[in-house]
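Structure first, commentary second.
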Amino acid sequence: MNKAIGTLGLAARARKIATGEIVLKKLRSNQVYLIILADDMGENGKKKLTDKCLYYHVPYVYMNSDELNMAIGDKNRKSVAILDRGFAQKLHACLKG
């Protein structure tokens, strides 16, 4: 998990992530390679984002909310879009494996 936190922090510093409502805009424009959802995200938001991910064929993974926010340096984000293919592959391998 520490490797995933470090990689996510690097992606945030490289400005290769999107949070908030921008996640949906980036999904619609096919600029997202991975979505990371907080494990304590609300059911409505979770369903909305997972349905969009399935429609646009974007993989998604779950991560602890505290670790997610610590890695990106924000206080209360529930979803993060990874906008770089390399970061997305590395994070997907760390969080799935």
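Letters for chains follow the order of the structure tokens (A, B, ...), residue numbers begin at 1 for each chain, and ligand numbers begin at 1 in the order shown.
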
With DSSP run on the backbone, what are the alpha helix (DSSP H) residues within chain A? I'd like them as a PyMOL selection string. chain A and resi 2-13+22-28+43-56+65-72+85-96

Env of stretch 38-40 of chain A: 10 Å cut, atoms = only C-alpha atoms, seq-sep filter 2 positions within chain, self excluded. Answer as a PyMOL selection string. chain A and resi 35-36+42-43+46+61-69+76-80

Output all heavy atoms of each residue in that selection to a file, as a short mmCIF file (atom, residue, chain, number, x, y, z; two decimals), in the first residue's frame.
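Output saved as again-v6.cif:
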```
data_model
loop_
_atom_site.label_atom_id
_atom_site.label_comp_id
_atom_site.auth_asym_id
_atom_site.auth_seq_id
_atom_site.Cartn_x
_atom_site.Cartn_y
_atom_site.Cartn_z
N ILE A 35 -9.66 5.15 -12.31
CA ILE A 35 -10.38 5.88 -11.28
C ILE A 35 -10.11 5.19 -9.95
O ILE A 35 -10.22 3.97 -9.84
CB ILE A 35 -11.90 5.89 -11.54
CG1 ILE A 35 -12.24 6.61 -12.83
CG2 ILE A 35 -12.66 6.51 -10.38
CD1 ILE A 35 -12.19 8.12 -12.77
N ILE A 36 -9.76 5.99 -8.94
CA ILE A 36 -9.59 5.47 -7.59
C ILE A 36 -10.73 6.02 -6.75
O ILE A 36 -10.91 7.24 -6.66
CB ILE A 36 -8.23 5.88 -7.00
CG1 ILE A 36 -7.10 5.36 -7.87
CG2 ILE A 36 -8.10 5.35 -5.58
CD1 ILE A 36 -5.73 5.83 -7.45
N GLY A 42 -20.19 7.39 -0.71
CA GLY A 42 -21.63 7.17 -0.67
C GLY A 42 -22.11 6.29 -1.82
O GLY A 42 -21.49 6.24 -2.88
N GLU A 43 -23.20 5.61 -1.60
CA GLU A 43 -23.72 4.66 -2.59
C GLU A 43 -24.10 5.32 -3.91
O GLU A 43 -23.83 4.77 -4.98
CB GLU A 43 -24.92 3.90 -2.01
CG GLU A 43 -24.55 2.93 -0.91
CD GLU A 43 -23.58 1.86 -1.36
OE1 GLU A 43 -23.75 1.32 -2.48
OE2 GLU A 43 -22.65 1.57 -0.60
N LYS A 46 -20.91 6.37 -5.76
CA LYS A 46 -20.20 5.17 -6.17
C LYS A 46 -20.85 4.55 -7.40
O LYS A 46 -20.18 4.19 -8.36
CB LYS A 46 -20.19 4.17 -5.02
CG LYS A 46 -19.31 2.96 -5.24
CD LYS A 46 -19.41 1.96 -4.11
CE LYS A 46 -18.92 2.53 -2.81
NZ LYS A 46 -18.91 1.52 -1.73
N VAL A 61 -10.56 1.14 -8.97
CA VAL A 61 -10.13 0.41 -7.78
C VAL A 61 -10.55 1.20 -6.55
O VAL A 61 -10.86 2.39 -6.64
CB VAL A 61 -8.60 0.17 -7.76
CG1 VAL A 61 -8.18 -0.79 -8.85
CG2 VAL A 61 -7.85 1.47 -7.87
N TYR A 62 -10.57 0.52 -5.42
CA TYR A 62 -10.92 1.16 -4.15
C TYR A 62 -9.66 1.33 -3.30
O TYR A 62 -8.74 0.53 -3.36
CB TYR A 62 -11.95 0.32 -3.39
CG TYR A 62 -13.29 0.29 -4.07
CD1 TYR A 62 -13.64 -0.77 -4.90
CD2 TYR A 62 -14.19 1.32 -3.90
CE1 TYR A 62 -14.87 -0.80 -5.54
CE2 TYR A 62 -15.42 1.30 -4.53
CZ TYR A 62 -15.75 0.25 -5.34
OH TYR A 62 -16.97 0.23 -5.97
N MET A 63 -9.68 2.41 -2.51
CA MET A 63 -8.56 2.71 -1.63
C MET A 63 -9.11 3.30 -0.35
O MET A 63 -10.18 3.93 -0.36
CB MET A 63 -7.61 3.69 -2.33
CG MET A 63 -6.32 3.94 -1.66
SD MET A 63 -5.28 4.98 -2.73
CE MET A 63 -3.83 5.08 -1.72
N ASN A 64 -8.38 3.13 0.74
CA ASN A 64 -8.77 3.72 2.01
C ASN A 64 -8.86 5.23 1.86
O ASN A 64 -7.97 5.87 1.30
CB ASN A 64 -7.74 3.34 3.07
CG ASN A 64 -8.12 3.84 4.43
OD1 ASN A 64 -8.33 5.02 4.64
ND2 ASN A 64 -8.19 2.93 5.38
N SER A 65 -9.91 5.82 2.38
CA SER A 65 -10.16 7.26 2.23
C SER A 65 -9.05 8.11 2.84
O SER A 65 -8.61 9.08 2.22
CB SER A 65 -11.50 7.60 2.88
OG SER A 65 -11.77 8.96 2.77
N ASP A 66 -8.59 7.75 4.02
CA ASP A 66 -7.54 8.53 4.68
C ASP A 66 -6.24 8.49 3.89
O ASP A 66 -5.56 9.51 3.73
CB ASP A 66 -7.31 8.04 6.10
CG ASP A 66 -8.53 8.25 6.99
OD1 ASP A 66 -9.29 9.21 6.73
OD2 ASP A 66 -8.73 7.46 7.93
N GLU A 67 -5.88 7.31 3.41
CA GLU A 67 -4.65 7.17 2.64
C GLU A 67 -4.75 7.90 1.30
O GLU A 67 -3.78 8.51 0.85
CB GLU A 67 -4.34 5.70 2.41
CG GLU A 67 -3.97 4.97 3.69
CD GLU A 67 -3.83 3.48 3.50
OE1 GLU A 67 -4.26 2.95 2.44
OE2 GLU A 67 -3.31 2.82 4.41
N LEU A 68 -5.92 7.86 0.69
CA LEU A 68 -6.14 8.55 -0.58
C LEU A 68 -5.94 10.04 -0.41
O LEU A 68 -5.21 10.68 -1.17
CB LEU A 68 -7.55 8.25 -1.09
CG LEU A 68 -8.01 8.96 -2.35
CD1 LEU A 68 -7.25 8.44 -3.55
CD2 LEU A 68 -9.49 8.75 -2.56
N ASN A 69 -6.56 10.62 0.61
CA ASN A 69 -6.46 12.06 0.84
C ASN A 69 -5.06 12.47 1.29
O ASN A 69 -4.59 13.55 0.94
CB ASN A 69 -7.52 12.51 1.84
CG ASN A 69 -8.90 12.45 1.24
OD1 ASN A 69 -9.13 12.90 0.13
ND2 ASN A 69 -9.84 11.86 1.95
N ASN A 76 -10.74 16.06 1.79
CA ASN A 76 -11.93 15.22 1.75
C ASN A 76 -12.35 14.91 0.31
O ASN A 76 -13.41 15.33 -0.14
CB ASN A 76 -13.07 15.91 2.50
CG ASN A 76 -14.19 14.95 2.81
OD1 ASN A 76 -14.01 13.74 2.79
ND2 ASN A 76 -15.36 15.48 3.09
N ARG A 77 -11.54 14.16 -0.40
CA ARG A 77 -11.89 13.74 -1.75
C ARG A 77 -12.29 12.28 -1.73
O ARG A 77 -11.72 11.47 -1.01
CB ARG A 77 -10.72 13.93 -2.72
CG ARG A 77 -10.36 15.36 -2.95
CD ARG A 77 -11.47 16.06 -3.66
NE ARG A 77 -11.14 17.48 -3.84
CZ ARG A 77 -11.96 18.35 -4.34
NH1 ARG A 77 -13.16 18.00 -4.71
NH2 ARG A 77 -11.60 19.59 -4.48
N LYS A 78 -13.27 11.94 -2.52
CA LYS A 78 -13.77 10.56 -2.56
C LYS A 78 -13.44 9.86 -3.87
O LYS A 78 -13.59 8.65 -3.96
CB LYS A 78 -15.29 10.53 -2.35
CG LYS A 78 -15.71 11.09 -1.00
CD LYS A 78 -15.19 10.25 0.12
CE LYS A 78 -15.64 10.80 1.46
NZ LYS A 78 -15.07 10.10 2.58
N SER A 79 -13.00 10.59 -4.88
CA SER A 79 -12.62 9.97 -6.14
C SER A 79 -11.48 10.74 -6.78
O SER A 79 -11.41 11.96 -6.66
CB SER A 79 -13.81 9.90 -7.10
OG SER A 79 -14.24 11.19 -7.43
N VAL A 80 -10.60 10.00 -7.43
CA VAL A 80 -9.46 10.59 -8.12
C VAL A 80 -9.34 9.92 -9.47
O VAL A 80 -9.37 8.70 -9.58
CB VAL A 80 -8.15 10.39 -7.31
CG1 VAL A 80 -6.96 10.91 -8.08
CG2 VAL A 80 -8.24 11.05 -5.96
#
```

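Shell of A:Met1 at 12 Å, with only C-alpha atoms counted and residues fewer than 5 places along the chain excluded, is Gly6, Thr7, Leu8, Tyr62, Met63, Asn64, Glu67, Leu68, Ala71, Lys90, Leu91, His92, Ala93, Cys94, Leu95, Lys96 and Gly97 of chain A.
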
Create the file for the chosen residues now, containing N, CA, C and O atoms and written as an mmCIF file, in the first residue's frame.
```
data_model
loop_
_atom_site.group_PDB
_atom_site.id
_atom_site.type_symbol
_atom_site.label_atom_id
_atom_site.label_comp_id
_atom_site.auth_asym_id
_atom_site.auth_seq_id
_atom_site.Cartn_x
_atom_site.Cartn_y
_atom_site.Cartn_z
ATOM 1 N N GLY A 6 2.800 6.391 -2.499
ATOM 2 C CA GLY A 6 3.901 7.150 -3.080
ATOM 3 C C GLY A 6 3.677 7.461 -4.545
ATOM 4 O O GLY A 6 3.921 8.587 -5.002
ATOM 5 N N THR A 7 3.197 6.479 -5.291
ATOM 6 C CA THR A 7 2.932 6.675 -6.716
ATOM 7 C C THR A 7 1.806 7.675 -6.929
ATOM 8 O O THR A 7 1.887 8.530 -7.821
ATOM 9 N N LEU A 8 0.782 7.596 -6.118
ATOM 10 C CA LEU A 8 -0.317 8.547 -6.221
ATOM 11 C C LEU A 8 0.151 9.961 -5.871
ATOM 12 O O LEU A 8 -0.252 10.928 -6.511
ATOM 13 N N TYR A 62 -10.569 0.518 -5.418
ATOM 14 C CA TYR A 62 -10.916 1.156 -4.155
ATOM 15 C C TYR A 62 -9.664 1.330 -3.304
ATOM 16 O O TYR A 62 -8.743 0.528 -3.363
ATOM 17 N N MET A 63 -9.680 2.407 -2.511
ATOM 18 C CA MET A 63 -8.558 2.707 -1.627
ATOM 19 C C MET A 63 -9.109 3.303 -0.347
ATOM 20 O O MET A 63 -10.179 3.928 -0.355
ATOM 21 N N ASN A 64 -8.380 3.132 0.735
ATOM 22 C CA ASN A 64 -8.767 3.717 2.008
ATOM 23 C C ASN A 64 -8.858 5.227 1.865
ATOM 24 O O ASN A 64 -7.968 5.868 1.297
ATOM 25 N N GLU A 67 -5.879 7.311 3.415
ATOM 26 C CA GLU A 67 -4.649 7.175 2.639
ATOM 27 C C GLU A 67 -4.748 7.904 1.304
ATOM 28 O O GLU A 67 -3.782 8.512 0.855
ATOM 29 N N LEU A 68 -5.917 7.856 0.687
ATOM 30 C CA LEU A 68 -6.143 8.548 -0.575
ATOM 31 C C LEU A 68 -5.936 10.045 -0.405
ATOM 32 O O LEU A 68 -5.207 10.680 -1.167
ATOM 33 N N ALA A 71 -2.287 11.008 0.336
ATOM 34 C CA ALA A 71 -1.416 10.906 -0.830
ATOM 35 C C ALA A 71 -1.555 12.113 -1.759
ATOM 36 O O ALA A 71 -0.560 12.607 -2.273
ATOM 37 N N LYS A 90 0.801 1.516 -13.034
ATOM 38 C CA LYS A 90 1.529 1.261 -11.791
ATOM 39 C C LYS A 90 0.568 1.191 -10.600
ATOM 40 O O LYS A 90 0.656 0.294 -9.765
ATOM 41 N N LEU A 91 -0.355 2.149 -10.511
ATOM 42 C CA LEU A 91 -1.316 2.170 -9.412
ATOM 43 C C LEU A 91 -2.253 0.972 -9.462
ATOM 44 O O LEU A 91 -2.573 0.380 -8.434
ATOM 45 N N HIS A 92 -2.704 0.610 -10.639
ATOM 46 C CA HIS A 92 -3.603 -0.528 -10.779
ATOM 47 C C HIS A 92 -2.911 -1.801 -10.313
ATOM 48 O O HIS A 92 -3.515 -2.632 -9.610
ATOM 49 N N ALA A 93 -1.641 -1.963 -10.668
ATOM 50 C CA ALA A 93 -0.884 -3.143 -10.238
ATOM 51 C C ALA A 93 -0.700 -3.148 -8.712
ATOM 52 O O ALA A 93 -0.829 -4.189 -8.074
ATOM 53 N N CYS A 94 -0.417 -1.974 -8.128
ATOM 54 C CA CYS A 94 -0.207 -1.897 -6.681
ATOM 55 C C CYS A 94 -1.493 -2.159 -5.894
ATOM 56 O O CYS A 94 -1.473 -2.838 -4.877
ATOM 57 N N LEU A 95 -2.595 -1.607 -6.359
ATOM 58 C CA LEU A 95 -3.844 -1.694 -5.605
ATOM 59 C C LEU A 95 -4.590 -2.998 -5.858
ATOM 60 O O LEU A 95 -5.370 -3.432 -5.016
ATOM 61 N N LYS A 96 -4.401 -3.607 -6.993
ATOM 62 C CA LYS A 96 -5.080 -4.876 -7.292
ATOM 63 C C LYS A 96 -4.260 -6.062 -6.799
ATOM 64 O O LYS A 96 -4.808 -7.061 -6.378
ATOM 65 N N GLY A 97 -2.945 -5.961 -6.909
ATOM 66 C CA GLY A 97 -2.093 -7.108 -6.620
ATOM 67 C C GLY A 97 -1.748 -7.197 -5.188
ATOM 68 O O GLY A 97 -1.579 -8.133 -4.540
#
```

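Note that atom CA of A:Arg85 and atom CA of A:Met41 are 24.5 Å apart.
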
If you run DSSP over the backbone, which residues in chain A end up strand (DSSP E or B)? Put them as a PyMOL selection string. chain A and resi 17-19+34-38+60-63+79-82

Distance query stretch 15-20 of chain A at most 9 Å, only C-alpha atoms, self and fewer than 3 positions along chain excluded, as number ranges by chain: A: 8, 10-12, 23-24, 26, 32, 72, 77-84, 87

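Counting only C-alpha atoms and comparing A:Leu54, A:Ile22, A:Met70, A:Leu34, the residue that lies closest to A:Ala88 is A:Leu34.
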